[in-house]
Amino acid sequence: MKKRTIALLLSMGMAMSSLTGCSGSGDSGAGNSSAANDAGAQTGSTAAQAAAGNEGDAITLKFTWWGSQSRHDYTQKILDAYTAEHPNITFEPVPAGWDGYFDKLSTEAASGSMPDIVQMDYLYISTYAKNNSIADLQPYIDDKTIDVSGIDESLLNSAKINGKMAGLVLSTSLVTFPYNPEVLQKAGVEEPESGWTWDEFIAMNQKLKEAGVADAAVINPSLDTNLFNYWVRQHGNQLFSDDQKSLGYADDQLMADYIRMFKDAMDQDLVPTPDEMEQIDTLGLEAGPVVTGEGAFTQNWNNYSTLVASSNDKIKMVTPPTIGSEDKKGLWMKPGMFLSIAETSSHKKEAAEFINWFLNSDTANDIMMAERGTPSSSIARDYLTGSGKMAPQQQDMFAYVDLASSMAGATPAPDPTGMSEINKAFADACNAAFYEQMSSEDAAASFHKKADEILARNN
Amino acid sequence: MAKPSKKQHYKLKDNIAGYLFLSPWIFGFLLMWLVPAIISIYYSFTDFNLLNTPSMIGFSNYIRIFTQDDTFIQSLKVTFSYVFLLVPLRLAFALFVAMLLNQNHKGLGLYRTLYYVPSIIGGSIAVSIVWKQFFGNKGVVMSLLGLFGVQQKMSFLGNPKTALIVIVIMGVWQFGSSMLIFLSALKQIPNSLYESAMVDGGKPWQVFTRITLPMLTPTIFFNLILQIINGFRVFTESYVITDGGPLDSTLSYVLYLYRRAFTYFDMGYSCALAWVLVAIIAVFTVILFKTQNNWVHYEN
Amino acid sequence: MKTKREIHAVIFHIGACALGFIMIYPMLWLVASSFKSNDTMFQDAYSLIPKVWDAGTNYRSGLEGVGNVSFATFFVTTVLVTVVGTVGCVFISLLAAYAFTRIKFWGSNFLFGCVMMTMMIPPQVMVVPQYIILKKLGLIDTRVALIIPWFFGGAFFIFLMVQFFRGIPKELDEAAMIDGCGKAGILFRVLVPVVKPALVTASIFAFYWIWQDFFQPLIFMSTTKKFTISLALNMYLDPNSYNNYGGLFAMSVISLLPVIIFFIFFQKYLVNGIAMDGIKG
């Protein structure tokens, strides 16, 4: 017993001394060399910021992104390739899962230590921009450091917040209705064509239901505001007012109709209830009903068929239903993800050069193969199309952009701050109606009130 | 901790010894708890979205909690229901199983391990998937009920009236850690006590109420306090299984304040919520500590 | 008499096994899923027996790790952090619990209140201030940051041991004191052997909690090389893209094994505290 206690105490002492040693000597500890190097490089170059940009200066860029295993692996290859071309630039990659990515980023921002280059989501970009956490990229676009000639202008400007280019849009996605052609064929339902209407959509699903398709349209109308935004836009309105301090439409009947249409569809068992939807989601994308042949339609983004290709390579995509001749072209090119540069970064110029290369270079696109979504830049799209390396589903994904552009209206202004709270309020209101705790009208009114409150508080 | 009389005289030697033994903990406490706690109290009086510089706004956050926040009230309801359903059920079950496993049978080590496993895999993704399937539309529970002719349209996790109950059942299922603590306390009861009771001709029930239970009261007290505190701070279960839904029916208090902090960029408000929660828990804890003289049996 | 005992034993084992199956089902599901091919995994999600076996791919991709860092690296870091953290946590909590129960000193009630208070604060609001402090100390993104939150003891452990100490008669200390033991001597020679079940329990908890600690490490750590397993696991998933569930589940299985082995090994010490027999009698 005694021996063991002494051993314990000894190891404790050692642990203690190593602890105090570390905290005492700050970042010079040998045990954590890479962090120490980085910290050294950071502070060193702040002092010599004027010298930054000199060719040949050894520079380390910290780059963080979220993704799955394959994205982490190939992004590392892209970074290695860049370092091979630019030996003075090395990277400190910070790959992460989606869960917790923004918790960590905001904590880092709170202490002024955001990575130099940040993969950014549309939901949060305006919050970061308005609090001056991310740098304005416009100067680098103006001086041609970043070539944006291939990017649709309104898509590019989706990151223009308070007159500042808060990020460079990397990819784009459009609302789409993927479907399983085999299921339609078996039920004797003709495949839809672009320009079909909501009424036709409902009629098709009724027919599918009669033919015994379990989940006719696997759509979650309350997931977020995207489908509703399309609905609002195709009726000639906009979701948010120009000053973003309130909702952009006046008549709550608009939302009540949206809710009622899906509530009716749920009652007829055409669309899953929120409860059923929750369980379908549990199965993951690859085992969703449309992929396995138990469902016919779903609603997603235009990279859907690519994502599920390994489970089912037959999935096709069509533009979402219209409201007929009155339709005001509700589609828009939604920015997928952005690359932003931290305001605190001392290597903004180098970071901008890298972003340009990441966006436009053949090398980067060859490795990335549109895994981050349809590239925003036509330079990248054309290169990939011409390379002949793309899977058929990826070709569909690119073709959809052209197809949909004929149905797309103007891109709306960037989402307002507080968007995730808006999405939550929207889901709550819809679900209250779907659970029959409220009428469609009351739900629409309650969302309007809640959304206005959130928008007024945040913008 | 026994309440010192009003004019307690401390010996210098004891003071030195006490603080010497406590010093490593105090060091960690100052570093990781006290200073951060003070900072977070400061945040609770500011408008702080994590990205801006906090600016003082007095009691506004607290006023907003109590006057304008329906979700606060909903999450409080959920959390109270959770605590008062879960704690008695889990403790009773844990004690029962611990007693069973405190006998002389073969393979007890195996059973202990099996029963502890749910506490290990806790809130992992595998558990959340299995759990959703179990109580889902096509799940085992629904099929069983179907056999008995009970037809229900909604799944248990998808029904705002029953979702919380599933979360509670899951909490009871994870009784392993409480069981373990009971078990180690049972092991500490001297055999001689049982032997003398047997000699006196005590029946099993009498042995339980006269010896086991009183000897266990410090541990019951511990588990009770602990479970109440952890119950009020429940996060993982509602985050992983239902994400607070459907219709906020499983939105726990801490899940709500986490969302406020990191999803809605409302850290100042979230800190205020946190300190309101601390106050609530503290009230319960203090009340329980006050009652312990009446029922907890200590050896000194 | 003998048959009655046997019947009793049979009933006990049947009941215990049935309960055991319910308890362990998700674990079985996890193991079974780690053998399933990634593409068909959720199509036969209800079945424990894989339709398409693909254990090789899953475990290979799991062991390959992520972002050029192998699973072995995560494993070594996790073991290191967990062992140092557990030893520090249990030992320092033991010292604190001893002080709270056996020494009368000024401010002990107040400090014990502080101990309890640390249990009540939601960690979600502490993480930003903690990050700022650790950053000032230059400890962000170091393995020390993984250990520090645990090393200096924790309220749960202190409170647990306090309750156990209070169940031990003071005569034990006094007898030792007469024999010439100092305070440290009493603690390590007399009390520690008696509260061994509590120490074992505390170690089991500490080991497991540190092993799967997620939220704070997520915020504090950036370099993939220094990640623990639970952080690495999180890197497998992005709800918006194709996910390697097979690798994730395979890695989960491998990462849970040490915790279960640790438990199986340590639960053996949950035996009767012999030391107290004879004193009470």
# chains A, B, ... in the order shown; residues from 1 in each chain; ligands from 1
$ select_by_dssp --residues "range 234-334 of chain A" --states "alpha helix (DSSP H)" --output "ChimeraX atom specification"
/A:234,253-267,274-282,289-292,304-307
$ residues_around --residues "Val83 in chain B" --least-positions-apart "2" --cutoff "7 Å" --atoms "only C-alpha atoms" --output "list in words"
Thr79, Phe80, Ser81, Leu85, Leu86, Val87, Ile228, Gly231 and Phe232 of chain B
$ interface_residues --of "chain C" --to "chain B" --cutoff "7 Å" --atoms "only C-alpha atoms" --output "VMD selection string"
chain C and resid 16 20 23 to 24 26 30 92 95 to 96 99 to 101 103 to 106 108 to 109 118 120 to 122 124 to 126 129 to 130 149 152 to 153 160 163 166 to 170 197 to 198 201 264 270 to 273 276 to 277 281
$ residues_around --residues "range 331-347 of chain A" --least-positions-apart "5" --cutoff "6 Å" --atoms "only C-alpha atoms" --output "ChimeraX atom specification"
/A:116-121,133-135,167-174,408-409,411
$ interface_residues --of "chain A" --to "chain B" --cutoff "7 Å" --atoms "only C-alpha atoms" --output "PDB file with C-alpha atoms, in the first residue's frame"
ATOM      1  CA  ASP A 103     -19.671  26.933 -31.365  1.00  0.00           C
ATOM      2  CA  SER A 106     -17.605  31.961 -32.214  1.00  0.00           C
ATOM      3  CA  THR A 107     -15.568  31.162 -29.103  1.00  0.00           C
ATOM      4  CA  ALA A 109     -13.846  34.989 -32.434  1.00  0.00           C
ATOM      5  CA  ALA A 110     -14.725  36.070 -28.900  1.00  0.00           C
ATOM      6  CA  ASN A 131     -19.691  42.352 -35.940  1.00  0.00           C
ATOM      7  CA  SER A 133     -15.162  39.530 -37.384  1.00  0.00           C
ATOM      8  CA  ASP A 275     -43.470  12.754 -36.706  1.00  0.00           C
ATOM      9  CA  GLN A 279     -38.055   8.958 -38.346  1.00  0.00           C
ATOM     10  CA  THR A 282     -33.060   9.038 -38.818  1.00  0.00           C
ATOM     11  CA  GLY A 418     -30.976  35.893 -36.574  1.00  0.00           C
ATOM     12  CA  SER A 420     -31.514  30.373 -37.318  1.00  0.00           C
ATOM     13  CA  GLU A 421     -34.003  31.816 -34.848  1.00  0.00           C
ATOM     14  CA  ASP A 428     -42.678  25.863 -34.628  1.00  0.00           C
ATOM     15  CA  ASN A 431     -45.678  22.186 -36.808  1.00  0.00           C
ATOM     16  CA  ALA A 432     -48.266  23.663 -34.470  1.00  0.00           C
TER      17      ALA A 432
END
$ interface_residues --of "chain A" --to "chain C" --cutoff "6 Å" --atoms "only C-alpha atoms" --output "short mmCIF file (atom, residue, chain, number, x, y, z; two decimals) with C-alpha atoms, in the first residue's frame"
data_model
loop_
_atom_site.label_atom_id
_atom_site.label_comp_id
_atom_site.auth_asym_id
_atom_site.auth_seq_id
_atom_site.Cartn_x
_atom_site.Cartn_y
_atom_site.Cartn_z
CA SER A 23 1.83 27.46 -18.05
CA GLY A 26 3.84 30.06 -22.10
CA ASP A 27 4.05 28.85 -25.65
CA GLY A 67 -17.13 18.28 -43.52
CA SER A 68 -17.00 14.54 -43.48
CA GLN A 69 -14.03 12.25 -43.64
CA HIS A 72 -10.96 16.29 -44.79
CA ASP A 73 -8.78 13.88 -46.72
CA VAL A 94 -8.30 22.69 -38.76
CA ALA A 96 -13.97 19.68 -38.10
CA GLY A 97 -17.32 17.97 -38.10
CA TRP A 98 -20.43 20.07 -38.61
CA LYS A 104 -15.94 26.75 -31.64
CA THR A 107 -15.57 31.16 -29.10
CA LEU A 283 -32.26 6.67 -41.66
CA ALA A 287 -31.52 5.06 -47.00
CA LEU A 307 -24.94 12.38 -52.71
CA SER A 311 -27.02 3.77 -53.13
#
$ select_by_dssp --residues "range 266-420 of chain A" --states "strand (DSSP E)" --output "NGL selection string"
:A and (295-298 or 300-301 or 316-318 or 334-335 or 337-341 or 374-375)
$ atom_distance --atom1 "CA of Arg260 in chain A" --atom2 "CA of Ala444 in chain A"
10.3 Å
$ residues_around --residues "range 68-75 of chain B" --least-positions-apart "5" --cutoff "8 Å" --atoms "only C-alpha atoms" --output "number ranges by chain"
B: 63, 248-253, 256
$ write_last_selection --atoms "C-alpha atoms" --output "PDB file, in the first residue's frame"
ATOM      1  CA  ILE B  63     -36.044  41.250 -16.915  1.00  0.00           C
ATOM      2  CA  ASP B 248     -40.507  22.070 -27.747  1.00  0.00           C
ATOM      3  CA  SER B 249     -42.039  19.288 -25.667  1.00  0.00           C
ATOM      4  CA  THR B 250     -38.599  17.966 -24.740  1.00  0.00           C
ATOM      5  CA  LEU B 251     -36.743  21.261 -24.777  1.00  0.00           C
ATOM      6  CA  SER B 252     -34.627  21.125 -21.654  1.00  0.00           C
ATOM      7  CA  TYR B 253     -33.508  24.296 -19.941  1.00  0.00           C
ATOM      8  CA  TYR B 256     -32.445  26.183 -24.589  1.00  0.00           C
TER       9      TYR B 256
END
$ atom_distance --atom1 "CA of Cys430 in chain A" --atom2 "CA of Val232 in chain A"
15.0 Å
$ decode --residues "range 168-189 of chain C" --atoms "N, CA and C atoms" --output "mmCIF file, in the first residue's frame"
data_model
loop_
_atom_site.group_PDB
_atom_site.id
_atom_site.type_symbol
_atom_site.label_atom_id
_atom_site.label_comp_id
_atom_site.auth_asym_id
_atom_site.auth_seq_id
_atom_site.Cartn_x
_atom_site.Cartn_y
_atom_site.Cartn_z
ATOM 1 N N ILE C 168 -17.760 6.410 7.953
ATOM 2 C CA ILE C 168 -16.712 5.680 8.689
ATOM 3 C C ILE C 168 -16.567 6.281 10.080
ATOM 4 N N PRO C 169 -16.631 5.435 11.105
ATOM 5 C CA PRO C 169 -16.560 5.956 12.466
ATOM 6 C C PRO C 169 -15.231 6.645 12.755
ATOM 7 N N LYS C 170 -15.320 7.721 13.525
ATOM 8 C CA LYS C 170 -14.112 8.492 13.833
ATOM 9 C C LYS C 170 -13.162 7.750 14.752
ATOM 10 N N GLU C 171 -13.703 6.716 15.444
ATOM 11 C CA GLU C 171 -12.826 5.962 16.353
ATOM 12 C C GLU C 171 -11.623 5.407 15.606
ATOM 13 N N LEU C 172 -11.869 5.115 14.332
ATOM 14 C CA LEU C 172 -10.810 4.563 13.504
ATOM 15 C C LEU C 172 -9.627 5.533 13.443
ATOM 16 N N ASP C 173 -9.939 6.802 13.194
ATOM 17 C CA ASP C 173 -8.883 7.817 13.133
ATOM 18 C C ASP C 173 -8.189 7.941 14.475
ATOM 19 N N GLU C 174 -9.039 7.957 15.511
ATOM 20 C CA GLU C 174 -8.471 8.215 16.834
ATOM 21 C C GLU C 174 -7.507 7.113 17.235
ATOM 22 N N ALA C 175 -7.895 5.869 16.909
ATOM 23 C CA ALA C 175 -7.004 4.750 17.218
ATOM 24 C C ALA C 175 -5.678 4.928 16.503
ATOM 25 N N ALA C 176 -5.737 5.349 15.255
ATOM 26 C CA ALA C 176 -4.514 5.522 14.475
ATOM 27 C C ALA C 176 -3.679 6.664 15.018
ATOM 28 N N MET C 177 -4.397 7.713 15.476
ATOM 29 C CA MET C 177 -3.699 8.873 16.017
ATOM 30 C C MET C 177 -2.887 8.467 17.232
ATOM 31 N N ILE C 178 -3.513 7.639 18.079
ATOM 32 C CA ILE C 178 -2.830 7.173 19.280
ATOM 33 C C ILE C 178 -1.584 6.365 18.893
ATOM 34 N N ASP C 179 -1.699 5.638 17.779
ATOM 35 C CA ASP C 179 -0.542 4.882 17.306
ATOM 36 C C ASP C 179 0.532 5.777 16.710
ATOM 37 N N GLY C 180 0.262 7.084 16.655
ATOM 38 C CA GLY C 180 1.287 8.007 16.200
ATOM 39 C C GLY C 180 1.198 8.386 14.737
ATOM 40 N N CYS C 181 0.031 8.169 14.131
ATOM 41 C CA CYS C 181 -0.121 8.533 12.723
ATOM 42 C C CYS C 181 -0.414 10.019 12.586
ATOM 43 N N GLY C 182 0.186 10.646 11.588
ATOM 44 C CA GLY C 182 -0.176 12.021 11.253
ATOM 45 C C GLY C 182 -1.439 12.005 10.412
ATOM 46 N N LYS C 183 -1.846 13.211 9.944
ATOM 47 C CA LYS C 183 -3.086 13.272 9.172
ATOM 48 C C LYS C 183 -2.966 12.513 7.850
ATOM 49 N N ALA C 184 -1.816 12.683 7.189
ATOM 50 C CA ALA C 184 -1.631 11.966 5.934
ATOM 51 C C ALA C 184 -1.607 10.466 6.191
ATOM 52 N N GLY C 185 -0.982 10.093 7.282
ATOM 53 C CA GLY C 185 -0.920 8.676 7.634
ATOM 54 C C GLY C 185 -2.309 8.101 7.834
ATOM 55 N N ILE C 186 -3.151 8.834 8.563
ATOM 56 C CA ILE C 186 -4.526 8.364 8.791
ATOM 57 C C ILE C 186 -5.232 8.167 7.463
ATOM 58 N N LEU C 187 -5.081 9.158 6.595
ATOM 59 C CA LEU C 187 -5.787 9.089 5.325
ATOM 60 C C LEU C 187 -5.350 7.870 4.515
ATOM 61 N N PHE C 188 -4.017 7.738 4.339
ATOM 62 C CA PHE C 188 -3.563 6.715 3.394
ATOM 63 C C PHE C 188 -3.492 5.332 4.003
ATOM 64 N N ARG C 189 -3.193 5.245 5.324
ATOM 65 C CA ARG C 189 -3.041 3.913 5.895
ATOM 66 C C ARG C 189 -4.349 3.383 6.446
#
